[in-house]
$ cat input06.cif   # mmCIF, C-alpha atoms
data_entry
loop_
_atom_site.label_atom_id
_atom_site.label_comp_id
_atom_site.auth_asym_id
_atom_site.auth_seq_id
_atom_site.Cartn_x
_atom_site.Cartn_y
_atom_site.Cartn_z
CA MET P 362 0.00 0.00 0.00
CA ILE P 363 2.53 2.55 1.16
CA GLU P 364 4.97 1.41 -1.53
CA GLN P 365 2.62 2.83 -4.16
CA TYR P 366 3.42 6.31 -2.87
CA ILE P 367 7.18 6.09 -3.43
CA PRO P 368 6.91 7.77 -6.90
CA VAL P 369 4.82 10.59 -5.38
CA PHE P 370 7.39 10.98 -2.64
CA ILE P 371 10.24 11.11 -5.18
CA VAL P 372 8.43 13.78 -7.22
CA ILE P 373 7.93 15.90 -4.07
CA ILE P 374 11.60 15.53 -3.09
CA VAL P 375 12.79 16.44 -6.60
CA ALA P 376 10.49 19.48 -6.62
CA VAL P 377 11.78 20.69 -3.25
CA ILE P 378 15.44 20.11 -4.20
CA PHE P 379 14.97 21.89 -7.52
CA ALA P 380 13.27 24.89 -5.92
CA VAL P 381 15.83 25.24 -3.13
CA ALA P 382 18.86 24.57 -5.36
CA THR P 383 17.81 27.17 -7.94
CA VAL P 384 17.68 29.90 -5.33
CA VAL P 385 20.72 28.82 -3.31
CA MET P 386 23.03 28.10 -6.25
CA SER P 387 22.33 31.44 -7.92
CA LYS P 388 23.14 33.12 -4.61
CA LEU P 389 26.36 31.13 -4.22
CA MET P 390 27.71 31.02 -7.77
CA GLY P 391 26.41 34.19 -9.40
CA PRO P 392 28.54 37.36 -9.34
CA GLN P 393 27.19 39.92 -6.91
CA ARG P 394 28.06 43.54 -7.58
CA PRO P 395 24.94 45.38 -6.45
CA ASN P 396 24.29 49.05 -7.04
CA SER P 397 21.24 51.17 -6.39
CA GLU P 398 19.94 50.84 -9.96
CA LYS P 399 20.14 47.06 -9.87
CA GLU P 400 18.42 46.80 -6.52
CA SER P 401 15.49 49.03 -7.47
CA THR P 402 12.19 47.31 -8.30
CA TYR P 403 11.94 46.22 -11.92
CA GLU P 404 8.50 46.86 -13.35
CA SER P 405 8.60 46.49 -17.16
CA GLY P 406 11.14 49.30 -17.41
CA LEU P 407 8.83 51.83 -15.82
CA LYS P 408 9.31 53.56 -12.53
CA PRO P 409 7.31 51.62 -9.92
CA ILE P 410 4.20 53.35 -8.56
CA GLY P 411 2.83 52.74 -5.08
CA THR P 412 3.58 49.84 -2.79
CA THR P 413 3.65 46.13 -3.48
CA ASN P 414 0.95 45.52 -0.89
CA GLU P 415 -1.99 46.20 -3.20
CA ARG P 416 -5.37 45.13 -1.93
CA VAL P 417 -7.09 42.65 -4.20
CA SER P 418 -10.73 43.08 -5.14
CA ILE P 419 -13.52 41.39 -3.15
CA LYS P 420 -14.69 39.81 -6.42
CA TYR P 421 -11.88 37.25 -6.22
CA TYR P 422 -13.18 36.17 -2.83
CA LEU P 423 -16.63 35.36 -4.20
CA VAL P 424 -15.12 33.36 -7.04
CA ALA P 425 -12.94 31.44 -4.58
CA MET P 426 -15.94 30.66 -2.37
CA LEU P 427 -18.00 29.38 -5.29
CA PHE P 428 -14.96 27.39 -6.43
CA ILE P 429 -14.80 25.51 -3.11
CA VAL P 430 -18.45 24.45 -3.34
CA PHE P 431 -18.03 23.05 -6.85
CA ASP P 432 -14.71 21.54 -5.81
CA LEU P 433 -16.56 19.55 -3.16
CA GLU P 434 -19.23 18.57 -5.67
CA VAL P 435 -16.59 17.05 -7.96
CA ILE P 436 -15.03 15.16 -5.04
CA PHE P 437 -18.33 13.39 -4.39
CA VAL P 438 -18.56 12.41 -8.05
CA TYR P 439 -15.20 10.59 -8.02
CA PRO P 440 -16.14 7.51 -5.93
CA TRP P 441 -19.35 7.14 -7.93
CA ALA P 442 -17.50 7.33 -11.24
CA VAL P 443 -14.85 4.80 -10.13
CA GLN P 444 -17.51 2.23 -9.22
CA PHE P 445 -20.07 3.05 -11.92
CA LYS P 446 -19.75 -0.17 -13.94
CA LYS P 447 -20.03 -2.39 -10.88
CA LEU P 448 -22.93 -0.41 -9.46
CA TYR P 449 -24.70 -0.41 -12.81
CA SER P 450 -24.54 -4.19 -13.05
CA GLN P 451 -25.85 -4.49 -9.47
CA ILE P 452 -28.54 -1.87 -9.24
CA GLY P 453 -29.25 -0.81 -12.79
CA ILE P 454 -30.06 2.55 -14.30
CA SER P 455 -31.29 4.08 -11.04
CA ILE P 456 -27.65 4.55 -10.03
CA PHE P 457 -27.42 7.10 -12.84
CA PHE P 458 -30.43 9.01 -11.55
CA SER P 459 -29.24 9.09 -7.94
CA MET P 460 -26.18 11.01 -9.10
CA LEU P 461 -28.33 13.12 -11.43
CA VAL P 462 -30.47 14.24 -8.48
CA PHE P 463 -27.33 15.29 -6.59
CA LEU P 464 -26.03 17.24 -9.56
CA VAL P 465 -29.39 18.86 -10.39
CA VAL P 466 -29.73 20.11 -6.81
CA LEU P 467 -26.35 21.80 -7.15
CA GLU P 468 -27.09 23.13 -10.62
CA LEU P 469 -30.16 24.84 -9.14
CA GLY P 470 -27.73 26.67 -6.87
CA PHE P 471 -25.56 27.46 -9.87
CA LEU P 472 -28.57 28.94 -11.70
CA TYR P 473 -29.53 30.93 -8.60
CA VAL P 474 -26.05 32.46 -8.35
CA TYR P 475 -26.06 33.11 -12.10
CA LYS P 476 -29.44 34.90 -11.94
CA LYS P 477 -28.29 36.91 -8.92
CA GLY P 478 -25.34 38.10 -11.00
CA GLY P 479 -22.74 36.26 -8.94
CA PHE P 480 -20.56 35.66 -11.99
CA LYS P 481 -20.66 39.24 -13.26
CA TRP P 482 -17.21 40.71 -13.01
CA ASP P 483 -18.08 44.40 -12.64
CA MET G 232 12.43 1.85 14.00
CA ASN G 233 10.96 0.71 10.71
CA LEU G 234 10.06 2.64 7.56
CA TYR G 235 6.54 3.46 8.75
CA ASN G 236 7.84 5.09 11.91
CA ILE G 237 10.36 7.17 9.99
CA ILE G 238 7.68 8.42 7.57
CA PHE G 239 5.27 9.11 10.43
CA TYR G 240 7.79 11.15 12.40
CA LEU G 241 8.82 13.02 9.25
CA PHE G 242 5.24 14.15 8.54
CA ALA G 243 4.51 14.76 12.23
CA ALA G 244 7.61 16.99 12.40
CA ILE G 245 6.54 18.89 9.26
CA THR G 246 3.06 19.42 10.74
CA LEU G 247 4.22 20.50 14.18
CA VAL G 248 7.07 22.77 13.09
CA SER G 249 4.97 24.57 10.49
CA ALA G 250 2.05 24.86 12.93
CA PHE G 251 4.47 26.43 15.41
CA PHE G 252 5.49 29.02 12.83
CA VAL G 253 1.83 29.68 11.95
CA VAL G 254 1.18 30.97 15.46
CA THR G 255 4.53 32.64 16.14
CA THR G 256 5.42 34.48 12.94
CA ARG G 257 4.62 38.19 12.81
CA ASN G 258 3.86 38.33 9.09
CA VAL G 259 0.35 37.10 8.27
CA ILE G 260 1.36 36.02 4.77
CA TYR G 261 4.14 33.79 6.16
CA SER G 262 1.57 32.41 8.59
CA ALA G 263 -0.77 31.47 5.74
CA PHE G 264 2.01 29.79 3.78
CA ASN G 265 3.10 27.81 6.84
CA LEU G 266 -0.49 26.65 7.16
CA LEU G 267 -0.05 25.12 3.70
CA LEU G 268 2.77 22.95 5.05
CA THR G 269 0.64 22.00 8.06
CA PHE G 270 -2.20 20.79 5.81
CA PHE G 271 0.33 18.94 3.68
CA GLY G 272 1.77 17.15 6.71
CA VAL G 273 -1.69 16.06 7.83
CA ALA G 274 -2.36 14.74 4.31
CA GLY G 275 0.84 12.69 4.57
CA ILE G 276 -0.38 11.15 7.83
CA TYR G 277 -3.72 10.30 6.18
CA VAL G 278 -1.84 8.43 3.46
CA LEU G 279 0.11 6.55 6.12
CA LEU G 280 -3.17 5.50 7.77
CA GLY G 281 -4.43 4.06 4.48
CA ALA G 282 -6.98 6.84 3.90
CA ASP G 283 -5.78 7.77 0.45
CA PHE G 284 -9.04 9.35 -0.73
CA LEU G 285 -9.15 11.53 2.37
CA ALA G 286 -5.54 12.59 1.76
CA VAL G 287 -6.31 13.71 -1.78
CA VAL G 288 -9.43 15.54 -0.57
CA GLN G 289 -7.28 17.23 2.06
CA ILE G 290 -4.88 18.45 -0.63
CA ILE G 291 -7.63 19.51 -3.07
CA VAL G 292 -10.00 21.19 -0.62
CA TYR G 293 -7.73 22.57 2.08
CA VAL G 294 -4.58 23.39 0.14
CA GLY G 295 -6.32 24.20 -3.14
CA GLY G 296 -9.44 25.86 -1.79
CA ILE G 297 -9.53 26.95 1.83
CA LEU G 298 -5.97 28.24 1.82
CA ILE G 299 -6.53 30.30 -1.34
CA LEU G 300 -9.62 31.76 0.34
CA LEU G 301 -7.53 32.54 3.41
CA LEU G 302 -4.84 34.22 1.30
CA PHE G 303 -7.47 36.31 -0.48
CA GLY G 304 -8.85 37.24 2.91
CA VAL G 305 -5.40 38.35 4.03
CA MET G 306 -4.80 40.27 0.81
CA LEU G 307 -8.21 41.95 0.96
CA THR G 308 -7.22 43.50 4.24
CA ASN G 309 -5.63 46.91 4.14
CA LYS G 310 -2.07 47.50 5.40
CA ILE G 311 -1.43 43.89 6.18
CA VAL G 312 2.36 44.02 6.36
CA ASN G 313 2.97 47.00 8.61
CA VAL G 314 0.36 46.03 11.15
CA GLN G 315 1.73 45.38 14.63
CA ILE G 316 0.60 41.99 15.84
CA ARG G 317 0.86 41.46 19.56
CA THR G 318 2.45 38.12 20.26
CA GLY G 319 3.43 38.79 23.84
CA ALA G 320 1.94 36.94 26.78
CA THR G 321 -0.93 38.64 28.57
CA GLN G 322 -3.47 37.28 31.05
CA ILE G 323 -1.16 34.44 32.01
CA LEU G 324 -3.20 33.08 34.94
CA PRO G 325 -6.58 32.66 33.14
CA ALA G 326 -4.77 31.32 30.10
CA THR G 327 -2.96 28.72 32.19
CA ILE G 328 -6.22 27.59 33.77
CA ALA G 329 -8.04 27.38 30.42
CA VAL G 330 -5.20 25.55 28.67
CA GLY G 331 -4.75 23.23 31.65
CA ALA G 332 -8.44 22.32 31.70
CA PHE G 333 -8.54 21.77 27.95
CA SER G 334 -5.35 19.67 28.01
CA GLY G 335 -6.82 17.66 30.88
CA ILE G 336 -9.93 16.89 28.81
CA LEU G 337 -7.82 15.91 25.81
CA ILE G 338 -5.45 13.72 27.81
CA SER G 339 -8.29 11.97 29.66
CA LEU G 340 -9.93 11.29 26.29
CA LEU G 341 -6.62 9.98 24.96
CA VAL G 342 -6.22 7.62 27.91
CA ASN G 343 -9.82 6.47 28.30
CA THR G 344 -10.83 5.94 24.69
CA GLU G 345 -10.86 2.37 23.46
CA TRP G 346 -8.61 2.87 20.46
CA LYS G 347 -8.97 0.45 17.62
CA LYS G 348 -5.72 -1.47 17.55
CA VAL G 349 -4.41 -2.16 14.07
CA GLY G 350 -4.58 -5.91 14.28
CA THR G 351 -6.13 -6.05 10.84
CA ALA G 352 -4.18 -5.05 7.77
CA LEU G 353 -4.65 -1.67 6.17
CA PRO G 354 -7.00 -1.66 3.17
CA GLY G 355 -4.89 -3.08 0.40
CA ALA G 356 -6.30 -1.32 -2.62
CA SER G 357 -7.51 2.23 -2.99
CA THR G 358 -10.35 3.22 -0.68
CA THR G 359 -12.13 5.20 -3.41
CA ALA G 360 -13.92 2.13 -4.77
CA ASN G 361 -15.23 1.08 -1.35
CA LEU G 362 -16.37 4.64 -0.67
CA GLY G 363 -18.30 4.62 -3.94
CA MET G 364 -20.07 1.37 -3.04
CA LEU G 365 -21.00 2.59 0.44
CA MET G 366 -22.12 6.01 -0.75
CA MET G 367 -24.41 4.59 -3.42
CA ASN G 368 -25.89 1.76 -1.36
CA GLU G 369 -26.11 2.36 2.38
CA TYR G 370 -25.64 6.10 2.55
CA ILE G 371 -27.55 7.18 -0.53
CA LEU G 372 -29.94 9.39 1.46
CA ILE G 373 -27.06 11.14 3.23
CA PHE G 374 -25.42 11.61 -0.15
CA GLU G 375 -28.48 13.37 -1.59
CA LEU G 376 -28.83 15.46 1.59
CA LEU G 377 -25.20 16.49 1.10
CA GLY G 378 -26.23 17.98 -2.21
CA ILE G 379 -28.79 20.11 -0.42
CA LEU G 380 -26.21 21.12 2.21
CA LEU G 381 -23.86 22.26 -0.55
CA LEU G 382 -26.76 24.13 -2.18
CA VAL G 383 -27.38 25.98 1.09
CA ALA G 384 -23.68 26.86 1.31
CA LEU G 385 -23.71 28.08 -2.29
CA ILE G 386 -26.76 30.31 -1.84
CA GLY G 387 -25.42 31.59 1.48
CA ALA G 388 -22.07 32.50 -0.06
CA ALA G 389 -23.73 34.29 -2.98
CA THR G 390 -26.12 36.19 -0.70
CA ILE G 391 -23.43 37.37 1.71
CA ALA G 392 -21.00 38.37 -1.01
CA ARG G 393 -23.57 40.26 -3.12
CA LYS G 394 -24.87 42.51 -0.37
#

$ encode --input "input06.cif" --output "structure tokens"
Amino acid sequence: MIEQYIPVFIVIIVAVIFAVATVVMSKLMGPQRPNSEKESTYESGLKPIGTTNERVSIKYYLVAMLFIVFDLEVIFVYPWAVQFKKLYSQIGISIFFSMLVFLVVLELGFLYVYKKGGFKWD
Amino acid sequence: MNLYNIIFYLFAAITLVSAFFVVTTRNVIYSAFNLLLTFFGVAGIYVLLGADFLAVVQIIVYVGGILILLLFGVMLTNKIVNVQIRTGATQILPATIAVGAFSGILISLLVNTEWKKVGTALPGASTTANLGMLMMNEYILIFELLGILLLVALIGAATIARK
């Protein structure tokens, strides 16, 4: 069981090593002759305006909240989809409708948010 | 000390150390990113316990969803970096009593609970298939009610955000 996760573990280790090594090696091996021009903020060749701590719009928050709900919806579809063939041979077509009811209930919510203008950007 | 123990202590260390930084760091952004590591460590422990579906859900929902929401929440707030966060100790006596009582409850639970000993083997294959069978047979009503619960959450989120 746990042996199946060795590839995942290796990928995570490689990702961490790569991320750390890129930063550390460029610090260690690159030439460092800083001056005030080099250390100023680079913003497409323009002089930077304002601070870096810009507030983001509240609209992103709504999108993120709606995302979580549909994220959860998809998670509940996975186990059903994995076992669909087996369930279909056992129970028959009603297994399709039990998932359809679940999805339709959530699509009603989707339509409600759509009608309320929840997806309008401005 | 076998392989399982080493992996367990690795993930437990990741969880505890990052959780420590979540509460002690003065920068809220660093705190949020340390929370990412904490969630990741808990997901690793889920995998070790044979709950692979739960581990993936932990990564998808908590790391991919809740944490993004938290970061947006932090970034929506004005002047987040220069704010002075008090991390000193105040009200030491009431805090000691409260923490002591809570720890006592937790420890008594830990000692008195009849823990299921792992005499049986961990589920060999993926747990997703078994979850699908249970959800569509025994717990079908709960599954449909979950849809309604999510609908309520959806409408609630839309209503609050669109005020």

$ atom_distance --input "input06.cif" --atom1 "CA of Ala244 in chain G" --atom2 "CA of Lys388 in chain P"
28.1 Å

$ resolve_selection --input "input06.cif" --expression "the PyMOL selection byres ((chain G and resi 367) around 12)" --output "ChimeraX atom specification"
/P:437-445,447-449,451-453,455-460,463 /G:360-366,368-375

$ resolve_selection --input "input06.cif" --expression "the PyMOL selection byres ((chain G) within 7 of (chain P))" --output "list in words"
Leu279, Val292, Gly296, Leu300, Phe303, Met306, Leu307, Thr308, Asn309, Gly355, Ala356, Thr359, Ala360, Leu362, Gly363, Met364, Glu375, Gly378, Ile379, Leu381, Leu382, Leu385, Ile386, Ala388, Ala389 and Ala392 of chain G

$ atom_distance --input "input06.cif" --atom1 "CA of Gly281 in chain G" --atom2 "CA of Val248 in chain G"
23.6 Å

$ atom_distance --input "input06.cif" --atom1 "CA of Tyr240 in chain G" --atom2 "CA of Leu301 in chain G"
27.8 Å

$ axis_aligned_box --input "input06.cif" --around "range 447-464 of chain P" --padding-each-side "4 Å" --output "JSON"
{"center_x": -25.7, "center_y": 6.4, "center_z": -10.4, "size_x": 19.3, "size_y": 29.7, "size_z": 15.7}

$ resolve_selection --input "input06.cif" --expression "the PyMOL selection byres ((chain G and resi 298) around 12)" --output "PyMOL selection string"
(chain P and resi 422+425-426+429) or (chain G and resi 260+262-271+289-297+299-305)

$ write_last_selection --input "input06.cif" --atoms "C-alpha atoms" --output "PDB file, keeping the file's coordinate frame"
ATOM      1  CA  TYR P 422     -13.180  36.170  -2.830  1.00  0.00           C
ATOM      2  CA  ALA P 425     -12.940  31.440  -4.580  1.00  0.00           C
ATOM      3  CA  MET P 426     -15.940  30.660  -2.370  1.00  0.00           C
ATOM      4  CA  ILE P 429     -14.800  25.510  -3.110  1.00  0.00           C
TER       5      ILE P 429
ATOM      6  CA  ILE G 260       1.360  36.020   4.770  1.00  0.00           C
ATOM      7  CA  SER G 262       1.570  32.410   8.590  1.00  0.00           C
ATOM      8  CA  ALA G 263      -0.770  31.470   5.740  1.00  0.00           C
ATOM      9  CA  PHE G 264       2.010  29.790   3.780  1.00  0.00           C
ATOM     10  CA  ASN G 265       3.100  27.810   6.840  1.00  0.00           C
ATOM     11  CA  LEU G 266      -0.490  26.650   7.160  1.00  0.00           C
ATOM     12  CA  LEU G 267      -0.050  25.120   3.700  1.00  0.00           C
ATOM     13  CA  LEU G 268       2.770  22.950   5.050  1.00  0.00           C
ATOM     14  CA  THR G 269       0.640  22.000   8.060  1.00  0.00           C
ATOM     15  CA  PHE G 270      -2.200  20.790   5.810  1.00  0.00           C
ATOM     16  CA  PHE G 271       0.330  18.940   3.680  1.00  0.00           C
ATOM     17  CA  GLN G 289      -7.280  17.230   2.060  1.00  0.00           C
ATOM     18  CA  ILE G 290      -4.880  18.450  -0.630  1.00  0.00           C
ATOM     19  CA  ILE G 291      -7.630  19.510  -3.070  1.00  0.00           C
ATOM     20  CA  VAL G 292     -10.000  21.190  -0.620  1.00  0.00           C
ATOM     21  CA  TYR G 293      -7.730  22.570   2.080  1.00  0.00           C
ATOM     22  CA  VAL G 294      -4.580  23.390   0.140  1.00  0.00           C
ATOM     23  CA  GLY G 295      -6.320  24.200  -3.140  1.00  0.00           C
ATOM     24  CA  GLY G 296      -9.440  25.860  -1.790  1.00  0.00           C
ATOM     25  CA  ILE G 297      -9.530  26.950   1.830  1.00  0.00           C
ATOM     26  CA  ILE G 299      -6.530  30.300  -1.340  1.00  0.00           C
ATOM     27  CA  LEU G 300      -9.620  31.760   0.340  1.00  0.00           C
ATOM     28  CA  LEU G 301      -7.530  32.540   3.410  1.00  0.00           C
ATOM     29  CA  LEU G 302      -4.840  34.220   1.300  1.00  0.00           C
ATOM     30  CA  PHE G 303      -7.470  36.310  -0.480  1.00  0.00           C
ATOM     31  CA  GLY G 304      -8.850  37.240   2.910  1.00  0.00           C
ATOM     32  CA  VAL G 305      -5.400  38.350   4.030  1.00  0.00           C
TER      33      VAL G 305
END
